[in-house]
$ cat my_file.csv   # CSV, C-alpha atoms
chain,number,residue,atom,x,y,z
A,689,MET,CA,126.5,114.8,108.6
A,690,LYS,CA,126.2,112.8,105.4
A,691,LYS,CA,126.0,114.9,102.2
A,692,GLN,CA,122.7,114.7,100.4
A,693,PRO,CA,123.0,113.3,96.8
A,694,THR,CA,122.6,116.0,94.1
A,695,ARG,CA,119.6,114.4,92.6
A,696,GLU,CA,117.7,114.2,95.9
A,697,LYS,CA,118.6,117.7,96.8
A,698,LEU,CA,117.3,119.0,93.5
A,699,LEU,CA,114.0,117.2,94.0
A,700,ASP,CA,113.6,118.5,97.5
A,701,ILE,CA,114.3,122.1,96.5
A,702,THR,CA,112.1,121.8,93.4
A,703,PHE,CA,109.2,120.7,95.5
A,704,GLU,CA,109.6,123.7,97.8
A,705,GLU,CA,110.0,126.2,95.0
A,706,VAL,CA,107.2,124.9,92.8
A,707,TYR,CA,104.9,124.5,95.8
A,708,ILE,CA,105.4,128.1,97.0
A,709,HIS,CA,105.8,129.9,93.7
A,710,GLY,CA,104.2,127.7,91.1
A,711,TYR,CA,105.6,126.0,88.0
A,712,HIS,CA,105.9,128.9,85.7
A,713,ALA,CA,107.3,131.3,88.3
A,714,THR,CA,110.0,128.9,89.3
A,715,SER,CA,113.2,129.1,87.3
A,716,VAL,CA,115.9,126.5,87.0
A,717,ASP,CA,118.4,129.2,88.1
A,718,ALA,CA,116.4,129.7,91.3
A,719,ILE,CA,116.4,126.0,92.0
A,720,LEU,CA,120.2,125.7,91.3
A,721,LYS,CA,121.0,128.7,93.4
A,722,LYS,CA,119.1,127.4,96.4
A,723,ALA,CA,120.4,123.9,96.0
A,724,LYS,CA,123.9,125.2,95.5
A,725,VAL,CA,124.3,122.9,92.5
A,726,PRO,CA,126.0,123.8,89.2
A,727,LYS,CA,123.8,123.7,86.1
A,728,GLY,CA,125.9,120.9,84.6
A,729,SER,CA,125.2,118.7,87.5
A,730,MET,CA,121.4,119.1,87.0
A,731,TYR,CA,121.6,118.2,83.4
A,732,HIS,CA,123.5,115.0,84.4
A,733,HIS,CA,120.2,113.9,86.0
A,734,PHE,CA,117.5,115.8,84.1
A,735,LYS,CA,117.1,117.0,80.5
A,736,GLY,CA,115.4,120.2,81.7
A,737,LYS,CA,112.9,121.9,84.0
A,738,LYS,CA,109.9,119.9,82.9
A,739,GLU,CA,111.6,116.5,83.4
A,740,LEU,CA,112.9,117.7,86.8
A,741,VAL,CA,109.4,118.8,87.9
A,742,LEU,CA,107.8,115.6,86.6
A,743,ALA,CA,110.2,113.6,88.6
A,744,MET,CA,109.5,115.8,91.7
A,745,VAL,CA,105.8,115.2,91.3
A,746,LYS,CA,106.2,111.4,91.3
A,747,GLU,CA,108.9,111.2,93.9
A,748,ARG,CA,108.1,114.0,96.3
A,749,LEU,CA,104.6,115.4,95.7
A,750,PHE,CA,102.7,112.1,95.5
A,751,PRO,CA,104.2,110.6,98.7
A,752,LYS,CA,103.5,113.9,100.5
A,753,MET,CA,99.9,113.8,99.3
A,754,ASP,CA,99.5,110.3,100.7
A,755,MET,CA,100.9,111.6,104.0
A,756,PHE,CA,98.9,114.9,104.1
A,757,PHE,CA,95.6,113.2,103.3
A,758,ASN,CA,95.9,109.9,105.0
A,759,TYR,CA,92.3,108.7,105.6
A,760,GLU,CA,93.2,105.2,106.7
A,761,VAL,CA,91.2,103.9,109.7
A,762,LYS,CA,93.2,104.2,112.9
A,763,GLU,CA,93.3,101.2,115.3
A,764,ASN,CA,90.2,101.0,117.5
A,765,SER,CA,88.7,103.9,115.7
A,766,THR,CA,85.7,104.6,113.4
A,767,VAL,CA,85.9,105.7,109.8
A,768,ALA,CA,84.3,109.0,110.7
A,769,ASP,CA,86.8,109.6,113.5
A,770,SER,CA,89.7,108.8,111.1
A,771,ILE,CA,88.4,111.4,108.7
A,772,ARG,CA,88.0,114.0,111.5
A,773,PHE,CA,91.6,113.2,112.6
A,774,THR,CA,92.9,113.8,109.1
A,775,PHE,CA,91.2,117.2,109.0
A,776,LEU,CA,92.7,118.0,112.4
A,777,THR,CA,96.2,116.9,111.2
A,778,VAL,CA,95.8,119.1,108.0
A,779,SER,CA,94.8,122.1,110.2
A,780,ARG,CA,98.1,121.8,112.0
A,781,ASN,CA,100.2,121.8,108.9
A,782,LYS,CA,101.3,125.4,108.4
A,783,MET,CA,102.5,124.8,104.8
A,784,LEU,CA,99.1,123.5,103.8
A,785,ILE,CA,97.2,126.2,105.5
A,786,THR,CA,99.4,128.9,104.0
A,787,TYR,CA,100.0,127.6,100.5
A,788,GLY,CA,97.1,125.2,99.9
A,789,CYS,CA,97.1,121.7,98.5
A,790,PRO,CA,100.2,121.3,96.2
A,791,LEU,CA,98.5,118.8,93.9
A,792,TYR,CA,95.4,121.1,93.5
A,793,ARG,CA,97.6,124.1,92.8
A,794,LEU,CA,99.5,122.3,90.1
A,795,MET,CA,96.4,120.9,88.5
A,796,VAL,CA,94.9,124.5,88.3
A,797,GLU,CA,98.1,125.8,86.8
A,798,LEU,CA,99.0,123.1,84.4
A,799,SER,CA,96.2,120.6,83.6
A,800,ALA,CA,94.6,122.8,81.0
A,801,THR,CA,97.8,123.5,79.1
A,802,ASP,CA,100.0,120.4,79.4
A,803,LYS,CA,98.6,116.9,78.6
A,804,GLU,CA,101.5,115.1,80.3
A,805,PHE,CA,101.1,116.9,83.6
A,806,ASP,CA,97.3,116.6,83.3
A,807,ALA,CA,97.4,112.9,82.9
A,808,LEU,CA,99.9,112.4,85.8
A,809,LEU,CA,98.1,114.8,88.2
A,810,SER,CA,94.6,113.6,87.3
A,811,ALA,CA,95.6,110.0,87.8
A,812,LYS,CA,96.7,110.8,91.4
A,813,ALA,CA,93.6,112.8,92.1
A,814,THR,CA,91.5,109.8,90.9
A,815,GLN,CA,93.5,107.4,93.0
A,816,MET,CA,93.0,109.6,96.1
A,817,LYS,CA,89.3,109.8,95.5
A,818,GLU,CA,89.0,106.0,95.0
A,819,GLY,CA,90.9,105.4,98.2
A,820,LEU,CA,88.6,107.7,100.1
A,821,ALA,CA,85.5,106.1,98.5
A,822,SER,CA,86.9,102.7,99.6
A,823,LEU,CA,87.2,104.0,103.1
A,824,LEU,CA,83.6,105.1,103.1
A,825,GLU,CA,82.6,101.7,101.8
A,826,GLN,CA,84.4,100.2,104.8
A,827,GLY,CA,82.2,102.4,107.0
A,828,LYS,CA,79.1,101.0,105.3
A,829,SER,CA,80.2,97.4,105.7
A,830,ARG,CA,81.1,98.1,109.4
A,831,GLY,CA,77.6,99.4,110.1
A,832,GLU,CA,78.6,103.1,110.6
A,833,PHE,CA,76.8,104.4,107.6
A,834,ASN,CA,73.6,103.4,105.8
A,835,GLN,CA,73.4,102.1,102.2
A,836,GLN,CA,72.1,105.5,100.9
A,837,LEU,CA,75.6,106.9,101.1
A,838,ASN,CA,77.1,107.1,97.6
A,839,SER,CA,80.7,106.6,98.6
A,840,ASP,CA,82.1,107.6,95.2
A,841,THR,CA,80.2,110.9,95.0
A,842,PHE,CA,80.8,111.8,98.6
A,843,ALA,CA,84.5,111.1,98.3
A,844,SER,CA,84.7,113.5,95.3
A,845,PHE,CA,82.8,116.1,97.2
A,846,MET,CA,85.0,115.8,100.3
A,847,LEU,CA,88.3,116.1,98.4
A,848,ASN,CA,87.1,118.9,96.2
A,849,ALA,CA,85.7,120.9,99.2
A,850,THR,CA,88.9,120.3,101.2
A,851,TRP,CA,91.2,121.5,98.4
A,852,CYS,CA,89.0,124.5,97.7
A,853,ILE,CA,89.0,125.6,101.4
A,854,LEU,CA,92.8,125.3,101.4
A,855,SER,CA,93.1,127.3,98.1
A,856,LEU,CA,91.9,130.4,99.8
A,857,SER,CA,94.5,133.1,100.4
A,858,PRO,CA,96.4,133.1,103.8
A,859,THR,CA,94.3,136.0,105.0
A,860,LEU,CA,91.1,134.0,104.5
A,861,CYS,CA,92.3,130.5,105.6
A,862,SER,CA,93.5,129.7,109.1
A,863,SER,CA,93.6,126.5,111.1
A,864,GLN,CA,90.5,127.6,112.9
A,865,SER,CA,88.6,128.5,109.7
A,866,PHE,CA,89.6,125.3,108.1
A,867,LEU,CA,88.2,123.2,110.9
A,868,LYS,CA,85.0,125.2,111.0
A,869,GLN,CA,84.4,124.8,107.3
A,870,THR,CA,85.3,121.1,107.2
A,871,GLN,CA,82.9,120.5,110.0
A,872,TYR,CA,80.2,121.0,107.4
A,873,ILE,CA,81.7,118.1,105.5
A,874,LEU,CA,81.4,116.0,108.6
A,875,ASP,CA,77.9,117.2,109.2
A,876,GLY,CA,77.0,116.0,105.7
A,877,LEU,CA,78.4,112.6,106.4
A,878,LYS,CA,76.6,112.5,109.7
A,879,ARG,CA,73.3,112.3,107.8
A,880,TYR,CA,74.2,108.8,106.8
A,881,LYS,CA,75.0,107.5,110.3
A,882,LEU,CA,73.2,104.3,111.1
A,883,ASN,CA,73.3,104.5,114.9
A,884,LYS,CA,72.2,108.1,115.7
A,885,SER,CA,73.2,107.6,119.4
A,886,LEU,CA,76.8,107.2,118.6
A,887,SER,CA,78.7,110.4,119.1
A,888,ILE,CA,81.4,110.1,116.5
A,889,PHE,CA,81.3,113.7,115.4

$ encode --input "my_file.csv" --output "structure tokens"
Amino acid sequence: MKKQPTREKLLDITFEEVYIHGYHATSVDAILKKAKVPKGSMYHHFKGKKELVLAMVKERLFPKMDMFFNYEVKENSTVADSIRFTFLTVSRNKMLITYGCPLYRLMVELSATDKEFDALLSAKATQMKEGLASLLEQGKSRGEFNQQLNSDTFASFMLNATWCILSLSPTLCSSQSFLKQTQYILDGLKRYKLNKSLSIF
């Protein structure tokens, strides 16, 4: 088995530790111990904890967000069905159900106190919202939804609601409860269906 490069190992472990414990509760020593990497090796790649976490956000967190919340239309599928499939996929991800959305958690912890993190995390949240809004616009152009649907506003509502549901404690959030609560998001979108006879929900 090929040995993982030190930098990549540090990024992987940092993602796990920060995701589960948060930025402030994660120490460099804990990361190094879990990665089995000497401190000198870390400083060869990163100046310190903040630089390490910023790199992790760009190289690990953002790609995972694109994977977790992939709202792209599947082949031979509707926009609405693609959104429903994404909710189903999220409900089966134990890490997301247990610990919540990693981007949302970092934004809550760091955006109010660190301008660099705020700019980086907010830009990603905006990008995700715009991608979802674009998807809803596809639904309108394909004749799934009527023109009364404000794609930008509904996309913001959908992402915020999803992240808030996931932010509940593990005792309050389960795969079943997540699906039940996100059904209300789908019901809201259902109001804008053009062809009421289509059973897409």

$ closest_residue --input "my_file.csv" --among "A:Met755, A:Leu809, A:Val716, A:Leu867" --to "Lys737 of chain A" --atoms "all atoms listed in the file"
A:Val716

$ closest_residue --input "my_file.csv" --among "A:Val761, A:Cys789, A:Ile708, A:Ala807" --to "Gly819 of chain A" --atoms "all atoms listed in the file"
A:Val761

$ residues_around --input "my_file.csv" --residues "Leu823 of chain A" --least-positions-apart "4" --cutoff "10 Å" --atoms "all atoms listed in the file" --output "PyMOL selection string"
chain A and resi 759-761+767-768+770-771+817-819+827-829+839+843

$ write_last_selection --input "my_file.csv" --atoms "C-alpha atoms" --output "PDB file, keeping the file's coordinate frame"
ATOM      1  CA  TYR A 759      92.300 108.700 105.600  1.00  0.00           C
ATOM      2  CA  GLU A 760      93.200 105.200 106.700  1.00  0.00           C
ATOM      3  CA  VAL A 761      91.200 103.900 109.700  1.00  0.00           C
ATOM      4  CA  VAL A 767      85.900 105.700 109.800  1.00  0.00           C
ATOM      5  CA  ALA A 768      84.300 109.000 110.700  1.00  0.00           C
ATOM      6  CA  SER A 770      89.700 108.800 111.100  1.00  0.00           C
ATOM      7  CA  ILE A 771      88.400 111.400 108.700  1.00  0.00           C
ATOM      8  CA  LYS A 817      89.300 109.800  95.500  1.00  0.00           C
ATOM      9  CA  GLU A 818      89.000 106.000  95.000  1.00  0.00           C
ATOM     10  CA  GLY A 819      90.900 105.400  98.200  1.00  0.00           C
ATOM     11  CA  GLY A 827      82.200 102.400 107.000  1.00  0.00           C
ATOM     12  CA  LYS A 828      79.100 101.000 105.300  1.00  0.00           C
ATOM     13  CA  SER A 829      80.200  97.400 105.700  1.00  0.00           C
ATOM     14  CA  SER A 839      80.700 106.600  98.600  1.00  0.00           C
ATOM     15  CA  ALA A 843      84.500 111.100  98.300  1.00  0.00           C
TER      16      ALA A 843
END

$ residues_near_point --input "my_file.csv" --point "(124.9, 118.9, 88.2)" --cutoff "12 Å" --atoms "all atoms listed in the file" --output "PyMOL selection string"
chain A and resi 693-698+716+719-721+723-736

$ residues_around --input "my_file.csv" --residues "Phe756 of chain A" --least-positions-apart "3" --cutoff "10 Å" --atoms "all atoms listed in the file" --output "PyMOL selection string"
chain A and resi 750-753+759+774-775+777-778+781+784+789

$ atom_distance --input "my_file.csv" --atom1 "atom CA of Asp769 of chain A" --atom2 "atom CA of Leu856 of chain A"
25.4 Å

$ atom_distance --input "my_file.csv" --atom1 "atom CA of Thr841 of chain A" --atom2 "atom CA of Ala821 of chain A"
8.0 Å

$ atom_distance --input "my_file.csv" --atom1 "atom CA of Ser810 of chain A" --atom2 "atom CA of Arg793 of chain A"
12.2 Å

$ residues_around --input "my_file.csv" --residues "Gly788 of chain A" --least-positions-apart "4" --cutoff "9 Å" --atoms "all atoms listed in the file" --output "PyMOL selection string"
chain A and resi 707+783-784+792-793+851-858

$ closest_residue --input "my_file.csv" --among "A:Ser862, A:Phe833, A:Arg748, A:Met816" --to "Asn848 of chain A" --atoms "only C-alpha atoms"
A:Met816

$ closest_residue --input "my_file.csv" --among "A:Arg830, A:Arg780, A:Arg879, A:Lys746" --to "Phe866 of chain A" --atoms "only C-alpha atoms"
A:Arg780

$ residues_around --input "my_file.csv" --residues "Leu882 of chain A" --least-positions-apart "2" --cutoff "7 Å" --atoms "all atoms listed in the file" --output "PyMOL selection string"
chain A and resi 831-834+880+884

$ build_atoms --input "my_file.csv" --residues "segment 828-839 of chain A" --atoms "all heavy atoms" --output "PDB file, keeping the file's coordinate frame"
ATOM      1  N   LYS A 828      80.392 101.651 105.592  1.00  0.00           N
ATOM      2  CA  LYS A 828      79.100 101.000 105.300  1.00  0.00           C
ATOM      3  C   LYS A 828      79.100  99.561 105.740  1.00  0.00           C
ATOM      4  O   LYS A 828      78.153  99.064 106.365  1.00  0.00           O
ATOM      5  CB  LYS A 828      78.723 101.185 103.858  1.00  0.00           C
ATOM      6  CG  LYS A 828      78.366 102.620 103.466  1.00  0.00           C
ATOM      7  CD  LYS A 828      78.369 102.841 101.963  1.00  0.00           C
ATOM      8  CE  LYS A 828      77.236 102.126 101.273  1.00  0.00           C
ATOM      9  NZ  LYS A 828      77.162 102.483  99.839  1.00  0.00           N
ATOM     10  N   SER A 829      80.173  98.860 105.402  1.00  0.00           N
ATOM     11  CA  SER A 829      80.200  97.400 105.700  1.00  0.00           C
ATOM     12  C   SER A 829      80.389  97.189 107.226  1.00  0.00           C
ATOM     13  O   SER A 829      79.981  96.145 107.736  1.00  0.00           O
ATOM     14  CB  SER A 829      81.412  96.769 104.981  1.00  0.00           C
ATOM     15  OG  SER A 829      82.656  97.286 105.425  1.00  0.00           O
ATOM     16  N   ARG A 830      80.941  98.176 107.929  1.00  0.00           N
ATOM     17  CA  ARG A 830      81.100  98.100 109.400  1.00  0.00           C
ATOM     18  C   ARG A 830      79.865  98.519 110.143  1.00  0.00           C
ATOM     19  O   ARG A 830      79.832  98.466 111.367  1.00  0.00           O
ATOM     20  CB  ARG A 830      82.314  98.890 109.837  1.00  0.00           C
ATOM     21  CG  ARG A 830      83.650  98.322 109.386  1.00  0.00           C
ATOM     22  CD  ARG A 830      84.767  99.325 109.472  1.00  0.00           C
ATOM     23  NE  ARG A 830      84.917  99.918 110.797  1.00  0.00           N
ATOM     24  CZ  ARG A 830      86.088 100.194 111.360  1.00  0.00           C
ATOM     25  NH1 ARG A 830      87.195  99.908 110.717  1.00  0.00           N
ATOM     26  NH2 ARG A 830      86.158 100.737 112.546  1.00  0.00           N
ATOM     27  N   GLY A 831      78.876  98.996 109.430  1.00  0.00           N
ATOM     28  CA  GLY A 831      77.600  99.400 110.100  1.00  0.00           C
ATOM     29  C   GLY A 831      77.656 100.840 110.595  1.00  0.00           C
ATOM     30  O   GLY A 831      76.791 101.231 111.383  1.00  0.00           O
ATOM     31  N   GLU A 832      78.616 101.653 110.146  1.00  0.00           N
ATOM     32  CA  GLU A 832      78.600 103.100 110.600  1.00  0.00           C
ATOM     33  C   GLU A 832      77.675 103.900 109.753  1.00  0.00           C
ATOM     34  O   GLU A 832      77.041 104.809 110.287  1.00  0.00           O
ATOM     35  CB  GLU A 832      80.064 103.629 110.369  1.00  0.00           C
ATOM     36  CG  GLU A 832      81.076 103.174 111.379  1.00  0.00           C
ATOM     37  CD  GLU A 832      82.392 103.903 111.192  1.00  0.00           C
ATOM     38  OE1 GLU A 832      82.385 105.156 111.227  1.00  0.00           O
ATOM     39  OE2 GLU A 832      83.421 103.229 110.992  1.00  0.00           O
ATOM     40  N   PHE A 833      77.598 103.614 108.459  1.00  0.00           N
ATOM     41  CA  PHE A 833      76.800 104.400 107.600  1.00  0.00           C
ATOM     42  C   PHE A 833      75.741 103.524 106.861  1.00  0.00           C
ATOM     43  O   PHE A 833      75.976 102.331 106.640  1.00  0.00           O
ATOM     44  CB  PHE A 833      77.627 105.115 106.509  1.00  0.00           C
ATOM     45  CG  PHE A 833      78.801 105.860 107.079  1.00  0.00           C
ATOM     46  CD1 PHE A 833      80.095 105.551 106.690  1.00  0.00           C
ATOM     47  CD2 PHE A 833      78.613 106.873 108.012  1.00  0.00           C
ATOM     48  CE1 PHE A 833      81.186 106.227 107.220  1.00  0.00           C
ATOM     49  CE2 PHE A 833      79.687 107.555 108.542  1.00  0.00           C
ATOM     50  CZ  PHE A 833      80.982 107.241 108.151  1.00  0.00           C
ATOM     51  N   ASN A 834      74.626 104.136 106.468  1.00  0.00           N
ATOM     52  CA  ASN A 834      73.600 103.400 105.800  1.00  0.00           C
ATOM     53  C   ASN A 834      73.936 103.259 104.278  1.00  0.00           C
ATOM     54  O   ASN A 834      74.864 103.913 103.782  1.00  0.00           O
ATOM     55  CB  ASN A 834      72.206 103.969 105.992  1.00  0.00           C
ATOM     56  CG  ASN A 834      72.102 105.388 105.449  1.00  0.00           C
ATOM     57  OD1 ASN A 834      72.570 105.693 104.351  1.00  0.00           O
ATOM     58  ND2 ASN A 834      71.476 106.274 106.207  1.00  0.00           N
ATOM     59  N   GLN A 835      73.156 102.440 103.589  1.00  0.00           N
ATOM     60  CA  GLN A 835      73.400 102.100 102.200  1.00  0.00           C
ATOM     61  C   GLN A 835      73.063 103.301 101.247  1.00  0.00           C
ATOM     62  O   GLN A 835      73.359 103.259 100.060  1.00  0.00           O
ATOM     63  CB  GLN A 835      72.697 100.876 101.755  1.00  0.00           C
ATOM     64  CG  GLN A 835      73.199  99.618 102.453  1.00  0.00           C
ATOM     65  CD  GLN A 835      74.680  99.377 102.236  1.00  0.00           C
ATOM     66  OE1 GLN A 835      75.174  99.442 101.120  1.00  0.00           O
ATOM     67  NE2 GLN A 835      75.411  99.106 103.317  1.00  0.00           N
ATOM     68  N   GLN A 836      72.430 104.327 101.764  1.00  0.00           N
ATOM     69  CA  GLN A 836      72.100 105.500 100.900  1.00  0.00           C
ATOM     70  C   GLN A 836      73.319 106.335 100.619  1.00  0.00           C
ATOM     71  O   GLN A 836      73.292 107.148  99.697  1.00  0.00           O
ATOM     72  CB  GLN A 836      71.040 106.344 101.638  1.00  0.00           C
ATOM     73  CG  GLN A 836      69.675 105.690 101.730  1.00  0.00           C
ATOM     74  CD  GLN A 836      68.681 106.590 102.442  1.00  0.00           C
ATOM     75  OE1 GLN A 836      68.996 107.228 103.442  1.00  0.00           O
ATOM     76  NE2 GLN A 836      67.471 106.650 101.910  1.00  0.00           N
ATOM     77  N   LEU A 837      74.372 106.148 101.387  1.00  0.00           N
ATOM     78  CA  LEU A 837      75.600 106.900 101.100  1.00  0.00           C
ATOM     79  C   LEU A 837      76.247 106.462  99.840  1.00  0.00           C
ATOM     80  O   LEU A 837      76.634 105.302  99.688  1.00  0.00           O
ATOM     81  CB  LEU A 837      76.589 106.718 102.303  1.00  0.00           C
ATOM     82  CG  LEU A 837      77.990 107.321 102.130  1.00  0.00           C
ATOM     83  CD1 LEU A 837      77.907 108.848 102.009  1.00  0.00           C
ATOM     84  CD2 LEU A 837      78.904 106.926 103.286  1.00  0.00           C
ATOM     85  N   ASN A 838      76.365 107.380  98.884  1.00  0.00           N
ATOM     86  CA  ASN A 838      77.100 107.100  97.600  1.00  0.00           C
ATOM     87  C   ASN A 838      78.547 107.437  97.884  1.00  0.00           C
ATOM     88  O   ASN A 838      78.944 108.604  97.867  1.00  0.00           O
ATOM     89  CB  ASN A 838      76.508 107.945  96.495  1.00  0.00           C
ATOM     90  CG  ASN A 838      77.127 107.592  95.153  1.00  0.00           C
ATOM     91  OD1 ASN A 838      78.350 107.460  95.039  1.00  0.00           O
ATOM     92  ND2 ASN A 838      76.303 107.446  94.137  1.00  0.00           N
ATOM     93  N   SER A 839      79.330 106.416  98.151  1.00  0.00           N
ATOM     94  CA  SER A 839      80.700 106.600  98.600  1.00  0.00           C
ATOM     95  C   SER A 839      81.547 107.358  97.536  1.00  0.00           C
ATOM     96  O   SER A 839      82.363 108.221  97.876  1.00  0.00           O
ATOM     97  CB  SER A 839      81.372 105.265  98.889  1.00  0.00           C
ATOM     98  OG  SER A 839      80.692 104.622  99.938  1.00  0.00           O
TER      99      SER A 839
END
